[in-house]
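Reviewing the structure listed below.
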Amino acid sequence: MRLKRFDQARPVLILGVAVAAWLLIPIVVKSFFRASFFELTAPAIMVTSHVRDLQDYWALRAHSRDDLIKAGRDLARLNASYELGIQQNTELEAEIVRLENLLRLPKFDEYRYEHARVARRDFSGWWQRIVIRKGKNYGIVVDAPVVFTGGVVGRVVEVYATTAVVDLISSPTVRLTGVVEGDTRLITFSGGVNPTFRPPTGIVEFVPLDIYASSAAPKRLVTSGLGGVFPPGLTLGMITRVELGMDGLFKAGEVKLDERLGSLTEVTVLVPLNPE
Amino acid sequence: MTIPESFDRSGTPHCLRRSFGISFKPLSSSAISLLTLNTRLQPARRALVLFLTLLLLWILVAELNHALTGLRVYLYVGGLFIIYVALTQPLRVGLAASLLAGLICDATSPTRFGTQVLLFVATHLVVFNLRDRVPRHDTVGRVVVTLLANLGLFLVFSFTQISLSPAPAAIWPRLLVDLLCSQIFIALIAPWFFALQAHALVMGNLENPESSPLGSSGKIRTAKKRNLDTGKTA
């Protein structure tokens with residue numbers, strides 16, 4: 001009987017040696033491998049995203065002209081209301097600048113808006129992330145907040161050459177502080193369980209005892225601005241349930257997040273003009 | 001210098017002679033040395049071809065998960081990355097392919113880098129050591145082994161990630177639904193994927209069609225059926 005080589009005769013021992021060697025490998029080497037293999041898959045992510053866009057384009061081409069005219073007309077009404085909102089926003093910003101100069105108030109962190117297409121959504125039970133089609137080539141930085149029309153999307157956690165990875169607020173790994181709209185007391189928000197076939201949820205903790213919310217009378221949860229990552233006042237979700245916590249000092253509850261988080265196609269990255 | 005096995009004495013690849021009746025003149029020593037080098041590089045080429053099929057699987061499953069995000073369903077097919085290479089390939093080739101597949105999965109997920117690599121390699125070694133005791137030439141047997149391996153990988157991976165959840169006990173119903181959907185998905189596409197991998201090796205001139213495991217298992221089934229029809233015993 002032919003003698004086996006050592007690695008064939010002792011495969012578990014070889015596995016143990018491989019694990020030990022992997023643990024001792026410097027973090028630089030691991031980071032290099034991680035970035036390299038992610039960039040290896042980046043072309044596939046971009047190509048499939050563009051193919052989906054092409055698919056949508058040809059699907060729209062199949063619509064009749066009447067359908068397109070009707071859709072254009074409905075969008076025109078929406079655009080008109082948005083343009084009015086933009087004009088009001090411009091006037092309000094000018095008023096804020098005037099008051100800041102008059103009262104010598106500190107300016108808030110300013111951002112530039114980088115609109116990005118979502119290339120891939122990755123929503124498992126363990127994490128919820130999206131990959132966007134802009135990265136270092138557009139000046140995206142780590143920890144930049146990401147928003148959409150319904151409020152906060154999440155935060156940029158990884159940036160590569162042409163793509164960036166965003167952790168969604170529905171991800172169990174995300175924690176941030178918020179306040180109930182109209183209140184100033186801080187509440188801790190974190191991503192929730194995200195059950196199958198149901199909308200995404202989050203969890204709030206350290207809710208003051210005098211705050212009540214139910215599904216019939218929900219309370220809007222917005223960002224507090226603490227830490228300087230997220231601008232204050234951005235919508236996180238609606239608090240639909242609060243109940244007394246185990247310690248009796250605070251309440252805990254559930255937050256219903258926007259259902260559109262599961263079908264995002266366009267997001268906006270708020271890139272800070274002053275990275276510090 | 002010896003001519004590699006996939007070539008005849010004149011240096012004609014067997015597949016060309018069989019398919020087209022082509023025959024070459026006897027080769028020079030330099031050509032024979034090139035053929036020998038090609039044979040030495042075969043394990044690396046084999047691992048590369050298998051890795052490309054695994055990369056294709058990763059892309060397809062990622063696209064499917066992208067489409068299912070609205071329903072909050074996630075498909076995990078870790079077992080499918082490993083089983084064919086563990087059951088049919090030499091140890092080094094299969095390990096290399098499993099290792100590269102694990103690196104791809106780790107690079108695109110927020111886990112500690114190396115988690116899925118180690119899980120894939122460990123599963124590969126276990127399956128490799130047990131492969132003589134399972135019906136590895138039969139598609140149904142391979143699918144069953146894939147389902148079991150995927151179940152084990154999913155559970156172990158879940159336990160490594162569960163501590164990150166704010167409500168570890170409440171997340172299990174979601175994970176169980178994902179597992180059920182993943183198992184059903186694997187049961188449906190595993191035969192196709194195994195055939196794809198076998199075909200990729202044949203197209204890369206790394207295996208003969210008759211000697212490939214899928215080809216031989218098809219022939220065995222056909223022979224058995226013929227014997228059953230005529231009433232003869234095997």
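Chain labels A, B, ... are given in the sequence in which chains occur in the structure tokens; within each chain residues are numbered consecutively from 1, and ligands are likewise numbered from 1 in the order shown.
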
*Enumerate as a PyMOL selection string the residues belonging to chain A that approach chain B to within 8 Å, with only C-alpha atoms taken into account.*
chain A and resi 11-12+15+19+22+30+33-35+37-38+41+44-45+48+120-127+172-173+190-198+262-263

Please save C-alpha atoms of the selected residues as a compact mmCIF listing (two decimals), in the first residue's frame.
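Once everything was written out, this is result_11.txt:
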```txt
# COMPACT_ATOMS: atom_id res chain seq x y z
CA PRO A 11 -5.57 16.66 7.10
CA VAL A 12 -7.00 17.94 10.40
CA LEU A 15 -6.08 22.51 8.86
CA VAL A 19 -5.75 28.32 10.89
CA TRP A 22 -3.98 32.67 9.08
CA LYS A 30 -5.52 40.40 5.05
CA PHE A 33 -6.43 40.22 0.01
CA ARG A 34 -9.85 41.60 0.96
CA ALA A 35 -9.49 44.66 -1.27
CA PHE A 37 -10.80 40.04 -4.15
CA PHE A 38 -13.49 42.70 -3.81
CA THR A 41 -15.78 41.09 -8.30
CA ALA A 44 -19.15 41.84 -12.41
CA ILE A 45 -21.19 44.04 -10.04
CA THR A 48 -24.81 43.37 -14.03
CA ARG A 120 -26.24 45.60 -5.75
CA ARG A 121 -28.36 45.04 -2.66
CA ASP A 122 -27.25 42.42 -0.12
CA PHE A 123 -29.91 41.84 2.55
CA SER A 124 -29.29 38.76 4.64
CA GLY A 125 -30.48 37.99 8.14
CA TRP A 126 -27.01 38.95 9.44
CA TRP A 127 -26.47 42.27 7.60
CA PRO A 172 -28.19 44.95 13.03
CA THR A 173 -24.63 46.31 12.99
CA SER A 190 -30.20 50.25 16.02
CA GLY A 191 -31.17 47.99 13.14
CA GLY A 192 -33.68 45.25 13.91
CA VAL A 193 -34.59 41.75 12.87
CA ASN A 194 -36.03 42.29 9.34
CA PRO A 195 -38.48 39.38 9.18
CA THR A 196 -39.30 37.72 5.87
CA PHE A 197 -42.10 39.25 3.74
CA ARG A 198 -42.47 42.16 6.19
CA GLY A 262 -35.62 47.15 0.14
CA SER A 263 -35.86 48.45 -3.42
```

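A straight line drawn from atom CA of Leu236 of chain A to atom CA of Val222 of chain A is 5.2 Å long.
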
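A straight line drawn from atom CA of Asp167 of chain A to atom CA of Arg129 of chain A is 4.7 Å long.
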
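The closest residue to Gly102 of chain B, picked from B:Leu119, B:Ile184, B:Val134, B:Leu41 and counting only C-alpha atoms, is B:Leu119.
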
*Skip Pro43 of chain A itself and residues of its chain fewer than 6 positions away, then list as a PyMOL selection string all residues within 10 Å of it, counting only C-alpha atoms.*
chain A and resi 49+162-163

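Note that the spacing between atom CA of Gly233 of chain A and atom CA of Arg155 of chain A amounts to 15.9 Å.
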
*Write out as a PyMOL selection string which residues come within 9 Å of Phe189 of chain A when counting only C-alpha atoms, dropping same-chain ones fewer than 3 positions away.*
chain A and resi 169+174-178+202-205+236+255

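Shortest separation to Ala96 of chain B among B:Val144, B:Arg46, B:Ala195, B:Asp138 occurs at residue B:Arg46, atoms counted being only C-alpha atoms.
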
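Using only C-alpha atoms, the smallest distance between any of B:Gly94, B:Phe185, B:Pro43, B:Met203 and Leu147 of chain B comes from B:Phe185.
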
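The nearest approach to Ala149 of chain B among the residues B:Val77, B:Ala44, B:Arg133, B:Ser98, with only C-alpha atoms taken into account, belongs to B:Val77.
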
*DSSP-assigned strand (DSSP E or B) members of segment 40-265 of chain A, reported as a PyMOL selection string*: chain A and resi 111-123+128-132+145-148+151-159+164-168+175-180+187-191+201-207+219-223+235-244+251-256

*Could you pull the residues within 8 Å of Thr235 of chain A, counting only C-alpha atoms, minus those fewer than 6 positions along the same chain, as a PyMOL selection string?*
chain A and resi 150-152+220-223

For the residues in that selection, give me N, CA and C atoms as a CSV table (one decimal), in the first residue's frame.
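part_35.csv written:
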```
chain,number,residue,atom,x,y,z
A,150,GLY,N,-36.8,59.2,1.2
A,150,GLY,CA,-37.5,58.9,2.4
A,150,GLY,C,-36.8,59.1,3.7
A,151,GLY,N,-35.6,59.6,3.6
A,151,GLY,CA,-34.8,59.8,4.8
A,151,GLY,C,-33.4,59.2,4.8
A,152,VAL,N,-33.0,58.7,5.9
A,152,VAL,CA,-31.6,58.2,6.0
A,152,VAL,C,-31.6,56.7,5.4
A,220,ARG,N,-42.5,60.3,14.8
A,220,ARG,CA,-41.4,60.3,13.8
A,220,ARG,C,-40.1,60.4,14.6
A,221,LEU,N,-39.1,59.5,14.2
A,221,LEU,CA,-37.8,59.5,14.8
A,221,LEU,C,-36.8,60.1,13.8
A,222,VAL,N,-36.1,61.1,14.2
A,222,VAL,CA,-35.2,61.8,13.3
A,222,VAL,C,-33.8,61.8,13.9
A,223,THR,N,-32.8,62.1,13.0
A,223,THR,CA,-31.4,62.1,13.5
A,223,THR,C,-31.2,63.3,14.4
```

*Find the residues around Phe194 of chain B up to 10 Å (only C-alpha atoms counted), leave out those fewer than 5 positions away in its own chain, and share them as a PyMOL selection string.*
chain B and resi 53+80+83-85+139+142-143+189+199-200+213-214

Include N, CA and C atoms and write out the residues we just selected as a short mmCIF file (atom, residue, chain, number, x, y, z; two decimals), in the first residue's frame.
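Result file out-v6.cif:
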```cif
data_model
loop_
_atom_site.label_atom_id
_atom_site.label_comp_id
_atom_site.auth_asym_id
_atom_site.auth_seq_id
_atom_site.Cartn_x
_atom_site.Cartn_y
_atom_site.Cartn_z
N THR B 53 -15.87 28.76 -12.60
CA THR B 53 -17.26 28.31 -12.48
C THR B 53 -17.84 28.74 -11.13
N LEU B 80 -22.66 24.48 -2.13
CA LEU B 80 -22.56 24.25 -3.57
C LEU B 80 -21.18 24.66 -4.10
N ILE B 83 -18.80 21.11 -2.91
CA ILE B 83 -19.04 19.67 -3.01
C ILE B 83 -18.46 19.04 -4.27
N TYR B 84 -18.67 19.66 -5.42
CA TYR B 84 -18.17 19.02 -6.64
C TYR B 84 -16.66 18.86 -6.59
N VAL B 85 -15.96 19.93 -6.17
CA VAL B 85 -14.49 19.87 -6.15
C VAL B 85 -14.01 18.91 -5.07
N THR B 139 -25.66 11.66 -9.13
CA THR B 139 -26.08 13.06 -8.95
C THR B 139 -26.91 13.23 -7.69
N ARG B 142 -24.74 13.32 -4.71
CA ARG B 142 -24.03 14.61 -4.60
C ARG B 142 -24.95 15.69 -4.08
N VAL B 143 -26.20 15.69 -4.56
CA VAL B 143 -27.13 16.73 -4.10
C VAL B 143 -27.39 16.59 -2.60
N ILE B 189 -30.91 23.57 -8.46
CA ILE B 189 -29.87 23.94 -9.43
C ILE B 189 -28.60 23.13 -9.31
N HIS B 199 -18.56 20.04 -17.57
CA HIS B 199 -18.43 20.48 -18.95
C HIS B 199 -17.29 21.49 -19.10
N ALA B 200 -17.13 22.33 -18.10
CA ALA B 200 -16.04 23.32 -18.16
C ALA B 200 -14.69 22.62 -18.19
N PRO B 213 -16.59 12.24 -14.36
CA PRO B 213 -17.52 11.53 -13.46
C PRO B 213 -18.96 11.58 -13.95
N LEU B 214 -19.40 12.71 -14.46
CA LEU B 214 -20.78 12.79 -14.91
C LEU B 214 -21.00 11.92 -16.13
#
```

*So which residues touch Tyr113 of chain A within 8 Å, counting only C-alpha atoms, skipping near sequence neighbours fewer than 5 positions away, as a PyMOL selection string?*
chain A and resi 268-271

Keeping C-alpha atoms for every residue in the selection just given, could you write it to a file as a tab-separated table (two decimals), in the first residue's frame?
```tsv
chain	number	residue	atom	x	y	z
A	268	THR	CA	-27.37	60.50	-2.36
A	269	VAL	CA	-24.08	60.50	-0.48
A	270	LEU	CA	-23.43	63.57	1.65
A	271	VAL	CA	-19.69	64.05	1.23
```
